[in-house]
>>> print(open('target.tsv').read())   # TSV, C-alpha atoms
chain	number	residue	atom	x	y	z
X	1	MET	CA	142.97	130.53	73.19
X	2	SER	CA	144.94	127.42	72.47
X	3	ARG	CA	146.83	126.36	69.39
X	4	ILE	CA	144.27	123.56	68.94
X	5	THR	CA	141.44	126.11	68.80
X	6	ASP	CA	143.42	128.28	66.37
X	7	VAL	CA	144.28	125.45	63.96
X	8	THR	CA	140.84	123.85	64.06
X	9	GLY	CA	139.08	127.21	63.73
X	10	ALA	CA	141.29	128.14	60.77
X	11	PHE	CA	140.57	124.95	58.81
X	12	LEU	CA	136.82	125.35	59.43
X	13	ALA	CA	136.92	129.03	58.42
X	14	ARG	CA	138.82	128.15	55.22
X	15	ALA	CA	135.97	125.72	54.45
X	16	GLY	CA	133.47	128.57	54.78
X	17	TYR	CA	132.21	128.10	58.33
X	18	ILE	CA	131.85	130.91	60.85
X	19	VAL	CA	133.71	129.84	63.98
X	20	ILE	CA	132.80	131.12	67.43
X	21	ALA	CA	135.04	129.78	70.17
X	22	PRO	CA	134.34	130.88	73.74
X	23	ASP	CA	137.62	131.36	75.62
X	24	SER	CA	137.23	129.65	78.98
X	25	PHE	CA	140.66	130.95	79.97
X	26	ALA	CA	139.47	134.55	79.73
X	27	ARG	CA	137.99	134.36	83.23
X	28	ARG	CA	140.08	136.13	85.83
X	29	HIS	CA	139.69	133.48	88.50
X	30	LYS	CA	139.36	130.17	86.69
X	31	PRO	CA	140.62	127.30	88.80
X	32	VAL	CA	142.94	124.86	87.06
X	33	SER	CA	140.92	121.92	85.78
X	34	CYS	CA	143.70	119.77	84.33
X	35	ALA	CA	147.47	119.27	84.25
X	36	PRO	CA	148.28	118.69	80.55
X	37	TYR	CA	151.83	117.42	80.92
X	38	SER	CA	150.86	114.67	83.36
X	39	HIS	CA	147.45	113.89	81.77
X	40	ARG	CA	145.65	114.61	85.05
X	41	ALA	CA	142.11	115.90	84.84
X	42	GLY	CA	139.20	116.36	87.20
X	43	LEU	CA	140.93	119.08	89.24
X	44	HIS	CA	137.91	121.43	89.03
X	45	ARG	CA	134.68	119.42	88.80
X	46	GLU	CA	132.47	122.50	88.42
X	47	VAL	CA	134.22	123.50	85.18
X	48	LEU	CA	131.60	121.61	83.16
X	49	GLY	CA	128.82	123.92	84.36
X	50	TRP	CA	131.02	126.93	83.60
X	51	ARG	CA	131.73	125.69	80.08
X	52	GLN	CA	128.05	124.92	79.43
X	53	SER	CA	127.18	128.46	80.53
X	54	GLU	CA	129.78	129.82	78.11
X	55	ILE	CA	128.26	127.90	75.20
X	56	ARG	CA	124.73	128.99	76.12
X	57	HIS	CA	125.91	132.61	76.30
X	58	ALA	CA	127.67	132.37	72.92
X	59	PHE	CA	124.60	130.69	71.43
X	60	ARG	CA	122.29	133.49	72.64
X	61	LYS	CA	124.66	136.20	71.43
X	62	THR	CA	125.05	134.52	68.04
X	63	ARG	CA	121.29	134.24	67.61
X	64	ALA	CA	121.01	137.99	68.22
X	65	VAL	CA	123.19	138.87	65.19
X	66	PRO	CA	120.81	139.27	62.21
X	67	ARG	CA	123.24	138.20	59.46
X	68	ILE	CA	124.06	134.89	61.15
X	69	ALA	CA	120.96	134.26	63.27
X	70	GLU	CA	119.38	131.95	60.70
X	71	LEU	CA	122.50	129.99	59.79
X	72	PRO	CA	122.71	126.38	60.99
X	73	VAL	CA	124.73	125.92	64.19
X	74	PHE	CA	127.13	123.03	64.65
X	75	LEU	CA	128.67	122.40	68.06
X	76	MET	CA	132.25	121.16	68.16
X	77	GLY	CA	134.52	120.71	71.11
X	78	HIS	CA	137.89	119.21	71.91
X	79	SER	CA	138.75	117.58	75.26
X	80	GLU	CA	137.06	119.63	78.00
X	81	GLY	CA	135.12	121.38	75.24
X	82	ALA	CA	134.09	117.97	73.88
X	83	ILE	CA	132.74	116.97	77.28
X	84	THR	CA	130.71	120.18	77.20
X	85	VAL	CA	129.40	119.55	73.67
X	86	ALA	CA	128.51	115.95	74.58
X	87	THR	CA	126.61	116.83	77.75
X	88	ILE	CA	124.89	120.13	77.01
X	89	ASP	CA	121.18	119.95	76.29
X	90	GLY	CA	118.48	122.33	75.15
X	91	LEU	CA	120.33	123.90	72.21
X	92	SER	CA	118.92	123.65	68.70
X	93	ALA	CA	122.14	122.77	66.91
X	94	ARG	CA	122.21	120.98	63.57
X	95	ALA	CA	124.88	118.49	64.70
X	96	ARG	CA	127.69	117.88	67.22
X	97	ILE	CA	131.34	116.94	66.87
X	98	ILE	CA	133.07	115.50	69.92
X	99	GLU	CA	136.86	115.25	69.64
X	100	GLY	CA	139.10	113.74	72.30
X	101	TRP	CA	136.42	112.48	74.71
X	102	THR	CA	134.96	109.05	75.41
X	103	CYS	CA	131.59	110.00	76.99
X	104	HIS	CA	132.58	107.74	79.91
X	105	ALA	CA	133.34	109.18	83.35
X	106	GLY	CA	133.08	108.59	87.05
X	107	TRP	CA	131.09	111.77	87.62
X	108	PRO	CA	127.50	111.34	86.38
X	109	GLU	CA	127.20	114.86	84.94
X	110	TYR	CA	130.22	114.14	82.69
X	111	ARG	CA	128.90	110.80	81.44
X	112	GLY	CA	126.89	110.13	78.31
X	113	LEU	CA	125.54	112.07	75.41
X	114	SER	CA	122.74	114.63	75.66
X	115	ALA	CA	122.11	114.98	71.93
X	116	PRO	CA	118.57	114.26	70.76
X	117	ALA	CA	118.34	110.96	68.85
X	118	ASP	CA	117.75	112.77	65.55
X	119	GLN	CA	120.73	115.14	65.94
X	120	PRO	CA	123.79	113.79	64.09
X	121	VAL	CA	126.89	113.26	66.22
X	122	LEU	CA	130.47	112.62	65.13
X	123	SER	CA	132.77	111.38	67.86
X	124	LEU	CA	136.53	111.11	67.31
X	125	VAL	CA	138.92	109.50	69.79
X	126	GLY	CA	142.22	107.64	69.84
X	127	ALA	CA	141.87	104.18	71.39
X	128	ASP	CA	145.10	104.70	73.34
X	129	ASP	CA	144.65	108.40	74.15
X	130	PRO	CA	146.77	108.90	77.31
X	131	TRP	CA	144.01	110.96	78.95
X	132	PHE	CA	141.69	107.95	79.13
X	133	ARG	CA	143.80	105.22	80.69
X	134	LEU	CA	141.76	105.06	83.90
X	135	SER	CA	139.00	102.43	83.83
X	136	PRO	CA	136.02	104.82	84.29
X	137	LEU	CA	137.16	106.81	81.23
X	138	ARG	CA	137.70	103.92	78.80
X	139	GLY	CA	135.44	103.41	75.80
X	140	ASP	CA	133.92	105.70	73.22
X	141	CYS	CA	130.77	107.76	72.70
X	142	GLY	CA	129.27	105.10	70.44
X	143	ALA	CA	127.97	103.34	73.55
X	144	PHE	CA	125.61	106.30	74.07
X	145	MET	CA	124.51	106.86	70.48
X	146	ALA	CA	121.04	105.98	69.27
X	147	ARG	CA	121.00	103.05	66.89
X	148	ALA	CA	119.06	104.98	64.25
X	149	GLY	CA	120.26	108.22	62.78
X	150	ARG	CA	123.43	109.65	61.32
X	151	HIS	CA	125.75	109.06	64.24
X	152	GLN	CA	129.40	108.12	63.85
X	153	SER	CA	131.80	107.03	66.55
X	154	VAL	CA	135.29	106.85	65.07
X	155	VAL	CA	137.95	105.18	67.20
X	156	TYR	CA	141.48	105.30	65.83
X	157	ARG	CA	143.25	102.06	66.76
X	158	ALA	CA	146.86	100.90	66.31
X	159	PRO	CA	148.52	100.66	63.86
X	160	ASP	CA	146.82	103.92	62.83
X	161	PRO	CA	149.27	106.68	63.84
X	162	LEU	CA	146.40	108.60	65.50
X	163	HIS	CA	145.68	105.77	67.97
X	164	ASP	CA	147.40	107.56	70.87
X	165	ASP	CA	146.64	111.19	69.95
X	166	HIS	CA	144.35	113.41	71.98
X	167	TRP	CA	144.06	116.10	69.33
X	168	LEU	CA	143.01	114.54	66.03
X	169	SER	CA	141.71	117.40	63.88
X	170	TRP	CA	145.24	118.55	63.00
X	171	ASN	CA	145.29	115.61	60.57
X	172	ARG	CA	144.09	116.28	57.01
X	173	SER	CA	142.16	113.00	56.74
X	174	VAL	CA	140.35	113.77	60.01
X	175	GLN	CA	139.64	117.27	58.72
X	176	GLY	CA	138.14	115.69	55.60
X	177	ARG	CA	135.95	113.43	57.73
X	178	ILE	CA	134.78	116.43	59.76
X	179	LEU	CA	133.95	118.46	56.65
X	180	ALA	CA	132.09	115.52	55.07
X	181	PHE	CA	130.08	115.09	58.28
X	182	LEU	CA	129.24	118.81	58.41
X	183	GLU	CA	128.17	118.81	54.78
X	184	ALA	CA	125.98	115.73	55.24
X	185	SER	CA	124.45	117.30	58.38
X	186	ARG	CA	123.51	120.50	56.54
X	187	ARG	CA	120.80	118.64	54.63
>>> encode(input="target.tsv", output="structure tokens")
Amino acid sequence: MSRITDVTGAFLARAGYIVIAPDSFARRHKPVSCAPYSHRAGLHREVLGWRQSEIRHAFRKTRAVPRIAELPVFLMGHSEGAITVATIDGLSARARIIEGWTCHAGWPEYRGLSAPADQPVLSLVGADDPWFRLSPLRGDCGAFMARAGRHQSVVYRAPDPLHDDHWLSWNRSVQGRILAFLEASRR
């Protein structure tokens, strides 16, 4: 698991949420899908299907545990996980949080938002995130959100210090926004 998953999971757990984070790196033969230090992605196109399968598996397993089966489920993903959360369909989640993804892509299966119109979505992205400098990746998930509903597309722009960050939920104010969104979505 990554430091991002650890830190984000810890702040959610401290707030009283049960966190289940599938580890896509646990596979023995997982092809490299990105090169973090050069901000190159798209090296393993099929990874999206793999990640969606991981979420579906975790969802089924979670629903089989009696003590947590009836609890509301919130989907949250960062970067490649955010692409997965944005594009997966057919899960009865209470809400979705998409961090570090624009919902824009050259590959059609990576583009858009598959959330039902009545499912709240919070999208968080830095306007100058170095991962999204290529033209097909520019924008934000707000372009795909239904006009009605409790959707929020938050784009951090300069001079905000988060304008060029890829990981935003390390920040206490972003954590507060996430927790407020989760609380509002519980109702």
>>> atom_distance(input="target.tsv", atom1="CA of Leu122 in chain X", atom2="CA of Met145 in chain X")
9.9 Å
>>> residues_around(input="target.tsv", residues="Val121 in chain X", least_positions_apart="2", cutoff="8 Å", atoms="only C-alpha atoms", output="MDAnalysis selection string")
chainID X and resid 95:98 115 119 123 150:153
>>> atom_distance(input="target.tsv", atom1="CA of Ser2 in chain X", atom2="CA of Ala21 in chain X")
10.4 Å
>>> residues_near_point(input="target.tsv", point="(136.9, 125.5, 65.9)", cutoff="6 Å", atoms="only C-alpha atoms", output="PyMOL selection string")
chain X and resi 5+8-9+19
>>> residues_near_point(input="target.tsv", point="(144.0, 105.8, 68.7)", cutoff="6 Å", atoms="only C-alpha atoms", output="PDB file with C-alpha atoms, keeping the file's coordinate frame")
ATOM      1  CA  GLY X 126     142.220 107.640  69.840  1.00  0.00           C
ATOM      2  CA  ALA X 127     141.870 104.180  71.390  1.00  0.00           C
ATOM      3  CA  ASP X 128     145.100 104.700  73.340  1.00  0.00           C
ATOM      4  CA  TYR X 156     141.480 105.300  65.830  1.00  0.00           C
ATOM      5  CA  ARG X 157     143.250 102.060  66.760  1.00  0.00           C
ATOM      6  CA  LEU X 162     146.400 108.600  65.500  1.00  0.00           C
ATOM      7  CA  HIS X 163     145.680 105.770  67.970  1.00  0.00           C
ATOM      8  CA  ASP X 164     147.400 107.560  70.870  1.00  0.00           C
TER       9      ASP X 164
END
>>> atom_distance(input="target.tsv", atom1="CA of Arg63 in chain X", atom2="CA of Gly112 in chain X")
27.0 Å
>>> residues_around(input="target.tsv", residues="range 82-93 of chain X", least_positions_apart="6", cutoff="10 Å", atoms="only C-alpha atoms", output="ChimeraX atom specification")
/X:47-56,59-60,72-76,99-105,109-116,119-121,123-124,141
>>> closest_residue(input="target.tsv", among="X:Ser135, X:Ala10, X:Ile4, X:His57", to="Pro22 in chain X", atoms="all atoms listed in the file")
X:His57
>>> build_atoms(input="target.tsv", residues="range 90-116 of chain X", atoms="N, CA, C and O atoms", output="compact mmCIF listing (two decimals), in the frame of the given file")
# COMPACT_ATOMS: atom_id res chain seq x y z
N GLY X 90 119.35 121.17 75.34
CA GLY X 90 118.48 122.33 75.15
C GLY X 90 118.90 123.31 74.08
O GLY X 90 118.30 124.37 73.97
N LEU X 91 119.92 123.01 73.29
CA LEU X 91 120.33 123.90 72.21
C LEU X 91 119.89 123.31 70.87
O LEU X 91 120.06 122.11 70.64
N SER X 92 119.38 124.13 70.00
CA SER X 92 118.92 123.65 68.70
C SER X 92 120.05 123.71 67.68
O SER X 92 120.04 124.51 66.75
N ALA X 93 121.00 122.86 67.84
CA ALA X 93 122.14 122.77 66.91
C ALA X 93 121.82 121.74 65.85
O ALA X 93 121.05 120.80 66.08
N ARG X 94 122.42 121.91 64.68
CA ARG X 94 122.21 120.98 63.57
C ARG X 94 122.91 119.65 63.83
O ARG X 94 122.41 118.60 63.46
N ALA X 95 124.11 119.70 64.45
CA ALA X 95 124.88 118.49 64.70
C ALA X 95 125.96 118.80 65.74
O ALA X 95 126.18 119.96 66.08
N ARG X 96 126.62 117.74 66.22
CA ARG X 96 127.69 117.88 67.22
C ARG X 96 128.91 117.08 66.78
O ARG X 96 128.78 115.99 66.24
N ILE X 97 130.08 117.65 67.09
CA ILE X 97 131.34 116.94 66.87
C ILE X 97 132.08 116.92 68.21
O ILE X 97 132.32 117.97 68.81
N ILE X 98 132.42 115.72 68.64
CA ILE X 98 133.07 115.50 69.92
C ILE X 98 134.46 114.93 69.63
O ILE X 98 134.57 113.82 69.11
N GLU X 99 135.49 115.69 69.95
CA GLU X 99 136.86 115.25 69.64
C GLU X 99 137.66 115.12 70.93
O GLU X 99 137.76 116.05 71.72
N GLY X 100 138.25 113.94 71.13
CA GLY X 100 139.10 113.74 72.30
C GLY X 100 138.30 113.57 73.58
O GLY X 100 138.67 114.11 74.62
N TRP X 101 137.22 112.81 73.52
CA TRP X 101 136.42 112.48 74.71
C TRP X 101 135.73 111.16 74.46
O TRP X 101 135.37 110.83 73.33
N THR X 102 135.53 110.39 75.52
CA THR X 102 134.96 109.05 75.41
C THR X 102 133.49 108.96 75.81
O THR X 102 132.86 107.93 75.60
N CYS X 103 132.95 109.99 76.43
CA CYS X 103 131.59 110.00 76.99
C CYS X 103 131.45 109.11 78.23
O CYS X 103 130.36 108.90 78.74
N HIS X 104 132.56 108.58 78.71
CA HIS X 104 132.58 107.74 79.91
C HIS X 104 133.29 108.50 81.02
O HIS X 104 134.33 109.11 80.78
N ALA X 105 132.73 108.46 82.23
CA ALA X 105 133.34 109.18 83.35
C ALA X 105 132.80 108.65 84.67
O ALA X 105 131.74 108.03 84.72
N GLY X 106 133.53 108.94 85.72
CA GLY X 106 133.08 108.59 87.05
C GLY X 106 132.02 109.53 87.59
O GLY X 106 131.17 109.15 88.37
N TRP X 107 132.08 110.78 87.19
CA TRP X 107 131.09 111.77 87.62
C TRP X 107 129.87 111.69 86.70
O TRP X 107 130.02 111.79 85.47
N PRO X 108 128.68 111.54 87.23
CA PRO X 108 127.50 111.34 86.38
C PRO X 108 127.22 112.49 85.42
O PRO X 108 126.76 112.26 84.30
N GLU X 109 127.49 113.72 85.82
CA GLU X 109 127.20 114.86 84.94
C GLU X 109 128.15 114.91 83.74
O GLU X 109 127.88 115.59 82.75
N TYR X 110 129.24 114.19 83.79
CA TYR X 110 130.22 114.14 82.69
C TYR X 110 129.95 112.96 81.76
O TYR X 110 130.54 112.88 80.70
N ARG X 111 129.11 112.05 82.16
CA ARG X 111 128.90 110.80 81.44
C ARG X 111 127.78 110.92 80.41
O ARG X 111 126.79 111.58 80.65
N GLY X 112 127.96 110.27 79.28
CA GLY X 112 126.89 110.13 78.31
C GLY X 112 126.88 111.17 77.22
O GLY X 112 127.85 111.88 76.99
N LEU X 113 125.74 111.22 76.57
CA LEU X 113 125.54 112.07 75.41
C LEU X 113 124.13 112.65 75.50
O LEU X 113 123.17 111.91 75.56
N SER X 114 124.03 113.96 75.52
CA SER X 114 122.74 114.63 75.66
C SER X 114 122.11 115.04 74.34
O SER X 114 121.10 115.74 74.34
N ALA X 115 122.67 114.62 73.24
CA ALA X 115 122.11 114.98 71.93
C ALA X 115 120.79 114.26 71.71
O ALA X 115 120.66 113.08 72.05
N PRO X 116 119.81 114.96 71.13
CA PRO X 116 118.57 114.26 70.76
C PRO X 116 118.89 113.15 69.75
O PRO X 116 119.86 113.24 69.00
